[in-house]
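Enquirer: One structure is given below, represented as structure tokens, and several questions about it will come after.
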Amino acid sequence: MPEELKGKRIAVSRIGSASDIVTRMVIRQWKVDSEKEVFILQSGNTPTRMTALVAGHVDAALISPDSLHKILATGCCRILQDLSELPLDYARFGGAVPTSLIKTQRDSLRRYLQAIIEGIYLFKSRPKLVYSIFEEEGIKEPAVQKDLHERLAKSLREYPVPDAGGIQGALDSLVHPSARNVKPASLMDVTLVEEIKKSGFIDKLYGRPPKN
């Protein structure tokens, strides 16, 4: 249970990193005070955090989906929460460019976004292709490949338009006081991805309109 974390040591890569921010968001979601009720320790990247967990130097850590099977195989740990199942809005991944490029390099950016959208389509619809890439990364067990593909595929949106809630979540995680006055809409430009959708590019990939 989440309350079991009170008084425990939780590893992140470094203070202020994505793993630190997401870990604190999850802890707040569980109604645990990340400043007073747990100890956040800098431990390094995922392999280092896994080593610390196995050795018992820390009690919990955020583990990336592609490494989850490795830590479970040690028998040292159990999954406390699948983060994809939590109602969290946080724009951890996205494409960000200087505003000027949207005007001066618009066609290049459109083609870049089309490549991203097509990549999402291939990931979702061609699991065998994805499995072959997993194998190159050393993930060879069929059951692990299938589970990892399903976990990641459901988090990828067919129509990857920027999400105001996710950007607000990222702004809320910043300590700079000015971040509180920034509106997500001021950081978003949806015109390019909307143009791609209206062109029928996504419909052609899936043979239907995108689901989101």
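Following the order of the structure tokens, chains are lettered A, B, ..., residues in each are numbered from 1, and ligands are numbered from 1.
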Each residue of stretch 55-165 of chain A with at least one atom at most 12 Å from stretch 182-204 of chain A should appear once, together with its nearest atom pair and the corresponding distance in Å (one decimal); atoms considered: only C-alpha atoms; ordering: chain, then increasing residue number; output as a tab-separated table.
Expert:
residue	atom	partner	partner_atom	distance
A:Tyr90	CA	A:Pro184	CA	11.8
A:Ala91	CA	A:Pro184	CA	10.8
A:Gly94	CA	A:Met188	CA	10.8
A:Gly95	CA	A:Met188	CA	10.4
A:Ala96	CA	A:Leu187	CA	9.2
A:Val97	CA	A:Asp189	CA	10.2
A:Pro98	CA	A:Leu187	CA	10.4
A:Thr99	CA	A:Asp189	CA	8.9
A:Ser100	CA	A:Asp189	CA	11.8
A:Leu101	CA	A:Asp189	CA	11.7
A:Ile102	CA	A:Leu192	CA	8.5
A:Lys103	CA	A:Leu192	CA	10.7
A:Gln105	CA	A:Leu192	CA	11.5
A:Arg106	CA	A:Leu192	CA	8.1
A:Asp107	CA	A:Leu192	CA	9.2
A:Ser108	CA	A:Leu192	CA	10.8
A:Leu109	CA	A:Leu192	CA	8.0
A:Arg110	CA	A:Leu192	CA	6.2
A:Arg111	CA	A:Ile196	CA	9.3
A:Tyr112	CA	A:Leu192	CA	10.4
A:Leu113	CA	A:Val193	CA	7.1
A:Gln114	CA	A:Ile196	CA	7.3
A:Ala115	CA	A:Phe201	CA	10.8
A:Ile116	CA	A:Val193	CA	10.6
A:Ile117	CA	A:Ile202	CA	7.5
A:Glu118	CA	A:Ile202	CA	8.0
A:Gly119	CA	A:Ile202	CA	11.3
A:Ile120	CA	A:Ile202	CA	10.4
A:Tyr121	CA	A:Ile202	CA	8.7
A:Leu122	CA	A:Ile202	CA	11.9
A:Arg157	CA	A:Ile202	CA	11.3
A:Glu158	CA	A:Ile202	CA	7.7
A:Tyr159	CA	A:Lys197	CA	7.6
A:Pro160	CA	A:Val193	CA	7.6
A:Val161	CA	A:Val190	CA	6.3
A:Pro162	CA	A:Met188	CA	6.6
A:Asp163	CA	A:Met188	CA	8.4
A:Ala164	CA	A:Pro184	CA	5.4
A:Gly165	CA	A:Pro184	CA	7.8
Enquirer: For C-alpha atoms, I'd like the residues from the last selection saved as an mmCIF file, in the first residue's frame.
Expert:
data_model
loop_
_atom_site.group_PDB
_atom_site.id
_atom_site.type_symbol
_atom_site.label_atom_id
_atom_site.label_comp_id
_atom_site.auth_asym_id
_atom_site.auth_seq_id
_atom_site.Cartn_x
_atom_site.Cartn_y
_atom_site.Cartn_z
ATOM 1 C CA TYR A 90 2.276 15.537 -16.960
ATOM 2 C CA ALA A 91 3.871 16.417 -20.298
ATOM 3 C CA GLY A 94 6.958 16.302 -26.419
ATOM 4 C CA GLY A 95 8.359 18.242 -29.323
ATOM 5 C CA ALA A 96 9.490 21.759 -28.421
ATOM 6 C CA VAL A 97 10.998 24.268 -30.857
ATOM 7 C CA PRO A 98 11.660 28.029 -30.914
ATOM 8 C CA THR A 99 8.513 29.880 -31.961
ATOM 9 C CA SER A 100 10.321 31.446 -34.902
ATOM 10 C CA LEU A 101 10.889 28.041 -36.515
ATOM 11 C CA ILE A 102 7.151 27.485 -36.845
ATOM 12 C CA LYS A 103 7.165 30.348 -39.334
ATOM 13 C CA GLN A 105 10.787 26.115 -41.114
ATOM 14 C CA ARG A 106 7.112 25.187 -41.156
ATOM 15 C CA ASP A 107 7.340 22.595 -43.926
ATOM 16 C CA SER A 108 10.278 20.836 -42.250
ATOM 17 C CA LEU A 109 8.407 20.750 -38.941
ATOM 18 C CA ARG A 110 5.317 19.367 -40.659
ATOM 19 C CA ARG A 111 7.361 16.538 -42.144
ATOM 20 C CA TYR A 112 8.976 15.924 -38.760
ATOM 21 C CA LEU A 113 5.554 15.600 -37.129
ATOM 22 C CA GLN A 114 4.357 13.315 -39.915
ATOM 23 C CA ALA A 115 7.355 11.063 -39.235
ATOM 24 C CA ILE A 116 6.500 10.986 -35.520
ATOM 25 C CA ILE A 117 2.844 10.179 -36.270
ATOM 26 C CA GLU A 118 3.816 7.434 -38.703
ATOM 27 C CA GLY A 119 6.251 6.039 -36.142
ATOM 28 C CA ILE A 120 3.425 5.879 -33.589
ATOM 29 C CA TYR A 121 1.287 4.049 -36.144
ATOM 30 C CA LEU A 122 4.038 1.503 -36.826
ATOM 31 C CA ARG A 157 -1.881 8.670 -29.033
ATOM 32 C CA GLU A 158 -2.831 8.371 -32.682
ATOM 33 C CA TYR A 159 -3.428 12.118 -32.784
ATOM 34 C CA PRO A 160 -0.614 13.532 -30.602
ATOM 35 C CA VAL A 161 -1.942 17.034 -30.136
ATOM 36 C CA PRO A 162 -0.437 18.985 -27.189
ATOM 37 C CA ASP A 163 -2.438 18.564 -23.986
ATOM 38 C CA ALA A 164 -3.067 21.601 -21.779
ATOM 39 C CA GLY A 165 -3.483 19.474 -18.658
#
Enquirer: Compile the contact shell of stretch 48-62 of chain A as a ChimeraX atom specification: residues with an atom at most 8 Å away, counting only C-alpha atoms, same-chain residues fewer than 5 positions apart removed.
Expert: /A:5,8-13,19,23,43,71,74,76-77
Enquirer: Include C-alpha atoms and write out the residues we just selected as an mmCIF file, in the first residue's frame.
Expert:
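Listing of again-v2.cif after writing:
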data_model
loop_
_atom_site.group_PDB
_atom_site.id
_atom_site.type_symbol
_atom_site.label_atom_id
_atom_site.label_comp_id
_atom_site.auth_asym_id
_atom_site.auth_seq_id
_atom_site.Cartn_x
_atom_site.Cartn_y
_atom_site.Cartn_z
ATOM 1 C CA LEU A 5 6.308 4.340 1.947
ATOM 2 C CA LYS A 8 11.196 5.052 3.606
ATOM 3 C CA ARG A 9 14.045 5.897 1.200
ATOM 4 C CA ILE A 10 13.045 6.546 -2.418
ATOM 5 C CA ALA A 11 15.635 6.760 -5.185
ATOM 6 C CA VAL A 12 15.555 9.199 -8.107
ATOM 7 C CA SER A 13 18.240 9.924 -10.679
ATOM 8 C CA SER A 19 12.308 10.907 -12.321
ATOM 9 C CA THR A 23 8.110 10.471 -8.244
ATOM 10 C CA SER A 43 20.943 7.511 -6.955
ATOM 11 C CA ILE A 71 13.997 -5.963 -11.436
ATOM 12 C CA THR A 74 15.609 -10.648 -9.104
ATOM 13 C CA CYS A 76 13.706 -8.465 -4.568
ATOM 14 C CA CYS A 77 10.719 -6.286 -5.248
#
Enquirer: Using only C-alpha atoms, which of the listed residues (A:Leu205, A:Leu171, A:Ile63, A:Ile40) sits closest to A:Ile27?
Expert: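 Checking each of A:Leu205, A:Leu171, A:Ile63, A:Ile40 against A:Ile27, counting only C-alpha atoms, the winner is A:Ile40.
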Enquirer: From the set A:Val22, A:Leu88, A:Leu80, A:Ile133, which residue has the shortest atom-to-atom contact distance to A:Ser34, counting only C-alpha atoms?
Expert: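 Checking each of A:Val22, A:Leu88, A:Leu80, A:Ile133 against A:Ser34, counting only C-alpha atoms, the winner is A:Val22.
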Enquirer: From a backbone DSSP assignment, name each residue in stretch 13-203 of chain A labelled strand (DSSP E), as a list in words.
Expert: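 Taking stretch 13-203 of chain A and keeping strand (DSSP E) only, one gets Phe39, Ile40, Leu41, Gln42, Ala60 and Ala61 of chain A.
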